[in-house]
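Student: This is the structure I want to talk about, given as C-alpha cells.
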Amino acid sequence: MGSKWRKAKVALGLNLCMFVPRTLEDSPPSLEASERLSDAALLSPANWSTLSSRPSTPTPSSYGLRLSKSGSKSSKQTCSICLTKMKQGDGHAIFTAECSHSFHFHCIASNVKHGNQVCPVCRAKWKEIPVQGPSLDPSPGRASISPVGWPQNDALMTVVRQLPPTQRDMNRRHIMPLYQAMEPTVFDDDETLDHQPVFSERSCCDKNTADRNSIKTIEIKTYPEVSSAPRSNSFNNFTVLVHLKASAAITTKNPSRNLASLLQFSQTPRAPVDLVTVLDVSGSMAGTKLALLKRAMGFVIQNLGSNDRLSVIAFSSTARRLFPLCRMSDLGRQQALQAVNALVANGGTNIAEGLRKGAKIMEDRRDKNPVGSIILLSDGQDTYTVNGSGNNQPQPNYQSLLPLSMHSGHSTGFQIPVHAFGFGADHDASSMHSISEISGGTFSFIETEAVIQDAFAQCIGGLLSVVVQELQVGVECVHTKTHLVSLKAGNYPSRVTADGHTGFIDVGDLYADEERDFLVSLNVPAEPTSSETSLIKVRCMFKDPLTKEMMTLESDEVTIERPEIAKQVVVSIDVDRQRNRLQAAEAMAQARVAAEQGDLAAAVSILENCRRVLSETVSSKSHDRLCIALDAELKEMQERMASRHVYESSGRAYILSGLSSHSWQRATARGDSTDGSSLVQAYQTPSMVEMLTRSQAMLLGSPSGQRLVQPLLSFGSQPKPR
C-alpha cells in the first residue's frame, strides 16, 4: 500500500484526481452505518436533504480514497464540517472517504486531530484517516483551529495513517487535542477588537443633558395603590409600584461612525458580546444529546455578529478550552463550527473545573466587549467537587462550584452572569440553580431534547439586545414625615438607609423592551390641613453600553389626594397584579421547601391555596394575562408533585426555573415555555421572540427538519400526569 499513498501525495501536489482501489482487508460500509444520522448532519441543515437523497449503499468506486481539487462531483457538495460549498477550483483539496462522503481536506484533517475517527455524516468507522503533517501545525503562539488559508504545497501533508488497534482505540477513545497541550497559563490571547468604544466627553449627565443628547432608554412609571386617602388617616405599609421599561434600542442623535461597525440586530445598533459557553461532554451526553447540542451551538455561532466574540469550554473529567475568545467573522464562525463538531462524549462531570476556566477567560482577556456572559449546560451531577468521594458534608456546598470572583457582590467588582441550562431528568437542578443565582444569571430546565436550541435562542436573543447596564434605582421620600419600610425586589440587592428616607435597588443589565416592577412600602402620615401628599420620587442611574456614558433619569413626584371625606377606594390593578406575582413566587418557594422535606401533600396544598387566593383578586377577576399565566404555572407545578418520582425527575427543576424567572423578572425555558402557544411565557422580550422564531424556522423549514424533530422524546422515564 505504500506506493499507493505516495502516488496519492504526488497527485495531490499536482492538482490531479487520484483513485486508490480497495484492498482485500477493506470492506464496504454497512447499510446500518450509512443510514444513521450523525452529529454533523444534525448540526448542518444544509446536509439534511442530501442525507435523504444519498444511496443507502456505497457505489463500488467509493470504497477507496479519492483526493481531488476539481472535476469531482463531490466538489459541488457542502462540506459537513465547515458548512461551506466545495466548489471546483476553489484552491482546497477534497477528501472522499471510503464511505463515499466528501469533505475539505483541511476540515477532515482537523476533525481527526480533535479525536473523531468516524465519518461525520454516516458514522461509518474508517480504517484509514487523513492527518496533517507536523509542519502545518499551528504555531505555539496561537491555538487556532484548522486555518482555512493553508499552503497549497499539499505534498507536505501525510495523506493517511493506519488506525491504532481496536483494543487501544477503546481505551483511548477521547484523543487529547493538540491545542490542549498548548493551552496557556494565562488566557490573554483573545482576538483584538476592531471597533473602538464610543466615549462621551461628559463623565456624567443630568436629566436635561440626557434628554438633549439621546432618546430616553428607560421609561419610568409609578402607581400608588390608591389615588386618594382621607387626610385624617395615616397608613402603614402603603404600596407604590415602580415600573421600569427599557427602550427597544439605544438610539443617539449624533451617533459616532464607530457605531457603523457594530452588528445590526433588528436594524438597530447594539452592544457586542463576549460569550463563553461551558459545555458538558461527559459520557452521558453521547448520542442524540451531543448531536443536538452541536446543532444548538451551530445556531448560536451563526447568529453572533462579527464584533461578538465566542470561546468554548468542553468539560468532562477535566475541562479544556477549544479555542480562545475569537470574533465571529466568517473565518471565526467556520473555525468555531469545526471545533464544536469535533466534540466527543466521554468521562465524568467536573462542572467546577469548566466554570473555573470559563471565568479565567473572562478575567484574563485583554479587550472587553460591553456585554459579557457565560452559558453553562450540563445533563448530570458534579462528581468531583460537590458529590466527590472525598466530600462528606451533610449539605452540598454548591457555592464551591463557582469561582469566588464570580459571586455576585464580590469585592473585585468582577460580575459575569452564568446562565445555566439543566439538560434532561438526571441533571442536578439544585446546583445549576445555585450557580445561576449566585452569579446573577438565570436557570433554565431543558426537559426534552427537541427544545435545547430554542432555549439557547431565547437566551442569546436577550444577550444580543442589552441597552442598559449597571442600572441602580434610587427611591427618595419627598415628604419629611414619610419613611420607607421595605423594597420588594426579588433577587436584586436592595437596601434602605437607617433614617428610612432613601432606598436603592441594584438591577444591572436590561435587555431591549425588558420590564422591571418593584413594590415600595412606606408609612404615610395624616395631613389635617393639606389636600395632597407627595410620597416619593424615583431616580435611575445607568450606563449606556455603547457610549459608556453614565446617565440619570428622574420620575415625577408620586402624589395622592387627601380629601376630608373618604371617597370610594379603587385599588390599582397594576399594583394588584404585581402583588399576585410576588405572592405566587413566595408560594412556589414554600412548596419547594415542603417537597424537599418529603411532604408533597403539603406542597400541593400550598400551591392550591395560592391559586384560590389569586382567583379572588381584582386583577384575576378582570382576566389579567399575568394572573392567567401564574395560575397555569402553579397548576403545572402541582401536577409535577404527583409522586416522588415525578418530582425528582422534573418537578424540582421546573419549580427552580420558575423561581429563577420570577426572582429576576427574566424569561427562562421550562416545560413548553418556548412554545408560542404556551401560557407560561413570562418576561419574554421581542428580541427573544425574534430569535426563537429564527430557531423554529430553521428546524421546521428544512425538508428533513420535521422528520428529525418528531422522534425526539422526553428524557423522563415517566411522563408527567395530566
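Chain labels run A, B, ... following the order of the C-alpha cells; each chain numbers its residues from 1, and ligands are numbered from 1 in the order shown.
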If we count only C-alpha atoms and set the cut-off at 8 Å, which residues sit around Ser521 in chain A, ignoring sequence neighbours fewer than 6 positions away in its own chain? Please answer as a ChimeraX atom specification.

Tutor: /A:237-240,484-487

Student: Residues of range 332-450 of chain A that approach range 505-516 of chain A to 10 Å or less, counting only C-alpha atoms: could you list each one with the shortest pair of atoms and its distance in Å to one decimal, rows by chain and increasing residue number, as CSV?

Tutor:
```
residue,atom,partner,partner_atom,distance
A:Val371,CA,A:Asp509,CA,9.0
A:Gln415,CA,A:Gly508,CA,9.8
A:Gly440,CA,A:Gly508,CA,9.2
```

Student: Could you tell me which of A:Thr533, A:Thr668, A:Gln578, A:Thr693 comes closest to Gly422 in chain A if we count only C-alpha atoms?

Tutor: A:Thr668

Student: So that I can see what lies close to range 540-547 of chain A, please list as a PyMOL selection string the residues with an atom at most 6 Å from it, counting only C-alpha atoms and leaving out residues fewer than 6 positions away in the same chain.

Tutor: chain A and resi 198-199+271+370+468-473+553

Student: Show me, as a PyMOL selection string, the residues that have an atom within 12 Å of range 393-403 of chain A when counting only C-alpha atoms, minus same-chain residues fewer than 5 positions from it.

Tutor: chain A and resi 349-360+362-363+374+376+381-388+408+410+414-418+420+428-440

Student: Can you work out which one of A:Asn346, A:Ala93, A:Val242, A:Ala642 has the shortest atom-to-atom distance to Glu554 in chain A, counting only C-alpha atoms?

Tutor: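 Of A:Asn346, A:Ala93, A:Val242, A:Ala642, the one nearest Glu554 in chain A is A:Val242, counting only C-alpha atoms.
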
Student: Name all residues at most 10 Å from Val613 in chain A (count only C-alpha atoms; drop same-chain ones fewer than 5 positions away) and give them as a list in words.

Tutor: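 My list of contacting residues is Asn580, Gln583, Ala584, Glu608 and Ser620 of chain A.
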
Student: Could you pull out the residues in range 555-699 of chain A that DSSP calls alpha helix (DSSP H) from the backbone, as number ranges by chain?

Tutor: A: 573-596, 600-615, 618-621, 625-639, 644-646, 652-664, 686-699

Student: Using only C-alpha atoms for the distances, tell me which of A:Thr78, A:Thr497, A:Thr482, A:Asn609 is nearest to Ala526 in chain A.

Tutor: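 Under the stated criterion, the closest residue is A:Thr482.
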
Student: Measure the distance from CA of Arg333 in chain A to CA of Met406 in chain A in Å and round it to one decimal.

Tutor: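 Computing the Euclidean distance for CA of Arg333 in chain A and CA of Met406 in chain A yields 27.8 Å.
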
Student: Enter the distance from CA of Asn341 in chain A to CA of Thr318 in chain A, in Å, rounded to one decimal.

Tutor: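 Those two atoms sit 19.0 Å apart.
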
Student: So, with only C-alpha atoms as the atoms that count, which of A:Asp308, A:Glu690, A:Glu586, A:Glu616 lies closest to Leu659 in chain A?

Tutor: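 With only C-alpha atoms as the atom set, the closest residue is A:Glu586.
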
Student: Which residue out of A:Asp367, A:Lys221, A:Leu337, A:Leu464 has the minimum interatomic distance to Gly305 in chain A when only C-alpha atoms are used?

Tutor: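 Among A:Asp367, A:Lys221, A:Leu337, A:Leu464, it is A:Leu464 that comes nearest to Gly305 in chain A.
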
Student: Between A:Tyr654, A:Phe518, A:Tyr683, A:Phe456, single out the one closest to Pro224 in chain A, counting only C-alpha atoms.

Tutor: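 Result for the nearest residue to Pro224 in chain A: A:Phe518.
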
Student: Mind giving me the straight-line distance from CA of Ser306 in chain A to CA of Val344 in chain A in Å, one decimal?

Tutor: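 The value is 27.6 Å.
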
Student: Find the residues near Ser605 in chain A: any atom within 12 Å, counting only C-alpha atoms, skip ones fewer than 6 places away on the same chain, and give them as an MDAnalysis selection string.

Tutor: chainID A and resid 587:588 590:592 594:595 599 611:612 634:635 637:639 641:642

Student: Using only all heavy atoms, please write the residues we just selected to a file, as a CSV table (one decimal), in the first residue's frame.

Tutor:
```csv
chain,number,residue,atom,x,y,z
A,587,ALA,N,-45.2,31.4,47.2
A,587,ALA,CA,-45.8,30.1,47.4
A,587,ALA,C,-45.0,29.0,46.7
A,587,ALA,O,-44.9,27.9,47.2
A,587,ALA,CB,-47.2,30.1,46.8
A,588,MET,N,-44.4,29.3,45.6
A,588,MET,CA,-43.5,28.4,44.9
A,588,MET,C,-42.3,28.0,45.8
A,588,MET,O,-42.0,26.8,46.0
A,588,MET,CB,-43.0,28.9,43.6
A,588,MET,CG,-44.0,29.2,42.5
A,588,MET,SD,-43.3,30.0,41.1
A,588,MET,CE,-44.8,30.5,40.2
A,590,GLN,N,-42.2,28.2,49.1
A,590,GLN,CA,-42.6,27.4,50.3
A,590,GLN,C,-42.9,26.0,49.9
A,590,GLN,O,-42.6,25.0,50.6
A,590,GLN,CB,-43.9,28.1,50.9
A,590,GLN,CG,-43.6,29.4,51.5
A,590,GLN,CD,-44.9,30.1,52.0
A,590,GLN,OE1,-46.0,29.7,51.7
A,590,GLN,NE2,-44.7,31.2,52.7
A,591,ALA,N,-43.6,25.8,48.7
A,591,ALA,CA,-43.9,24.5,48.2
A,591,ALA,C,-42.6,23.7,48.0
A,591,ALA,O,-42.6,22.5,48.3
A,591,ALA,CB,-44.7,24.6,47.0
A,592,ARG,N,-41.6,24.3,47.5
A,592,ARG,CA,-40.3,23.6,47.2
A,592,ARG,C,-39.7,23.1,48.5
A,592,ARG,O,-39.2,22.0,48.6
A,592,ARG,CB,-39.4,24.5,46.5
A,592,ARG,CG,-38.1,23.8,46.1
A,592,ARG,CD,-36.9,24.8,46.1
A,592,ARG,NE,-35.6,24.0,46.1
A,592,ARG,CZ,-34.5,24.5,46.4
A,592,ARG,NH1,-34.4,25.8,46.9
A,592,ARG,NH2,-33.4,23.8,46.4
A,594,ALA,N,-41.3,22.4,51.3
A,594,ALA,CA,-42.1,21.2,51.8
A,594,ALA,C,-41.8,20.0,51.0
A,594,ALA,O,-41.6,18.9,51.5
A,594,ALA,CB,-43.6,21.6,51.7
A,595,ALA,N,-41.6,20.1,49.7
A,595,ALA,CA,-41.3,19.0,48.8
A,595,ALA,C,-40.0,18.4,49.2
A,595,ALA,O,-39.8,17.2,49.2
A,595,ALA,CB,-41.4,19.3,47.4
A,599,ASP,N,-42.7,16.2,52.1
A,599,ASP,CA,-44.2,16.3,52.3
A,599,ASP,C,-44.8,16.9,51.0
A,599,ASP,O,-45.1,18.1,50.9
A,599,ASP,CB,-44.4,17.2,53.5
A,599,ASP,CG,-45.9,17.2,53.9
A,599,ASP,OD1,-46.7,16.6,53.2
A,599,ASP,OD2,-46.2,17.6,55.0
A,611,ARG,N,-53.5,29.5,44.5
A,611,ARG,CA,-54.3,29.7,43.3
A,611,ARG,C,-55.7,30.2,43.7
A,611,ARG,O,-56.3,31.1,43.1
A,611,ARG,CB,-54.5,28.3,42.6
A,611,ARG,CG,-53.2,27.8,41.9
A,611,ARG,CD,-53.5,26.5,41.3
A,611,ARG,NE,-54.5,26.6,40.2
A,611,ARG,CZ,-55.1,25.6,39.7
A,611,ARG,NH1,-54.9,24.3,40.1
A,611,ARG,NH2,-56.0,25.8,38.7
A,612,ARG,N,-56.2,29.7,44.9
A,612,ARG,CA,-57.5,30.1,45.3
A,612,ARG,C,-57.5,31.6,45.7
A,612,ARG,O,-58.4,32.4,45.4
A,612,ARG,CB,-58.0,29.3,46.5
A,612,ARG,CG,-59.3,29.7,47.1
A,612,ARG,CD,-59.7,28.8,48.3
A,612,ARG,NE,-58.6,28.7,49.3
A,612,ARG,CZ,-58.3,29.6,50.2
A,612,ARG,NH1,-59.1,30.7,50.2
A,612,ARG,NH2,-57.3,29.4,51.0
A,634,LEU,N,-48.7,27.6,38.4
A,634,LEU,CA,-48.9,26.9,39.7
A,634,LEU,C,-49.6,25.5,39.5
A,634,LEU,O,-49.3,24.6,40.2
A,634,LEU,CB,-49.8,27.8,40.6
A,634,LEU,CG,-49.1,29.1,41.1
A,634,LEU,CD1,-50.2,30.0,41.7
A,634,LEU,CD2,-48.0,28.8,42.0
A,635,LYS,N,-50.5,25.5,38.6
A,635,LYS,CA,-51.2,24.2,38.3
A,635,LYS,C,-50.2,23.2,37.8
A,635,LYS,O,-50.2,22.0,38.1
A,635,LYS,CB,-52.3,24.4,37.3
A,635,LYS,CG,-53.2,23.2,37.0
A,635,LYS,CD,-54.4,23.5,36.1
A,635,LYS,CE,-55.3,22.3,35.9
A,635,LYS,NZ,-54.6,21.3,35.1
A,637,MET,N,-47.1,23.1,38.4
A,637,MET,CA,-46.2,22.6,39.5
A,637,MET,C,-46.9,21.6,40.4
A,637,MET,O,-46.3,20.6,40.8
A,637,MET,CB,-45.8,23.8,40.3
A,637,MET,CG,-44.8,24.8,39.6
A,637,MET,SD,-44.4,26.2,40.5
A,637,MET,CE,-43.3,27.0,39.4
A,638,GLN,N,-48.2,21.8,40.6
A,638,GLN,CA,-49.0,20.8,41.3
A,638,GLN,C,-48.9,19.4,40.7
A,638,GLN,O,-48.7,18.4,41.3
A,638,GLN,CB,-50.4,21.2,41.5
A,638,GLN,CG,-50.7,22.4,42.4
A,638,GLN,CD,-52.1,22.7,42.5
A,638,GLN,OE1,-52.6,23.5,41.7
A,638,GLN,NE2,-52.8,22.1,43.4
A,639,GLU,N,-49.0,19.4,39.4
A,639,GLU,CA,-49.0,18.1,38.6
A,639,GLU,C,-47.7,17.5,38.7
A,639,GLU,O,-47.5,16.2,38.7
A,639,GLU,CB,-49.4,18.4,37.2
A,639,GLU,CG,-50.9,18.8,37.0
A,639,GLU,CD,-51.3,19.2,35.6
A,639,GLU,OE1,-50.3,19.3,34.8
A,639,GLU,OE2,-52.5,19.4,35.3
A,641,MET,N,-45.8,17.4,41.1
A,641,MET,CA,-45.6,16.9,42.5
A,641,MET,C,-46.6,15.7,42.8
A,641,MET,O,-46.8,15.4,43.9
A,641,MET,CB,-45.8,18.0,43.5
A,641,MET,CG,-44.8,19.1,43.5
A,641,MET,SD,-45.1,20.4,44.7
A,641,MET,CE,-43.6,21.3,44.6
A,642,ALA,N,-47.0,15.1,41.7
A,642,ALA,CA,-48.0,14.0,41.9
A,642,ALA,C,-47.4,12.8,42.6
A,642,ALA,O,-48.0,12.0,43.3
A,642,ALA,CB,-48.5,13.5,40.6
```
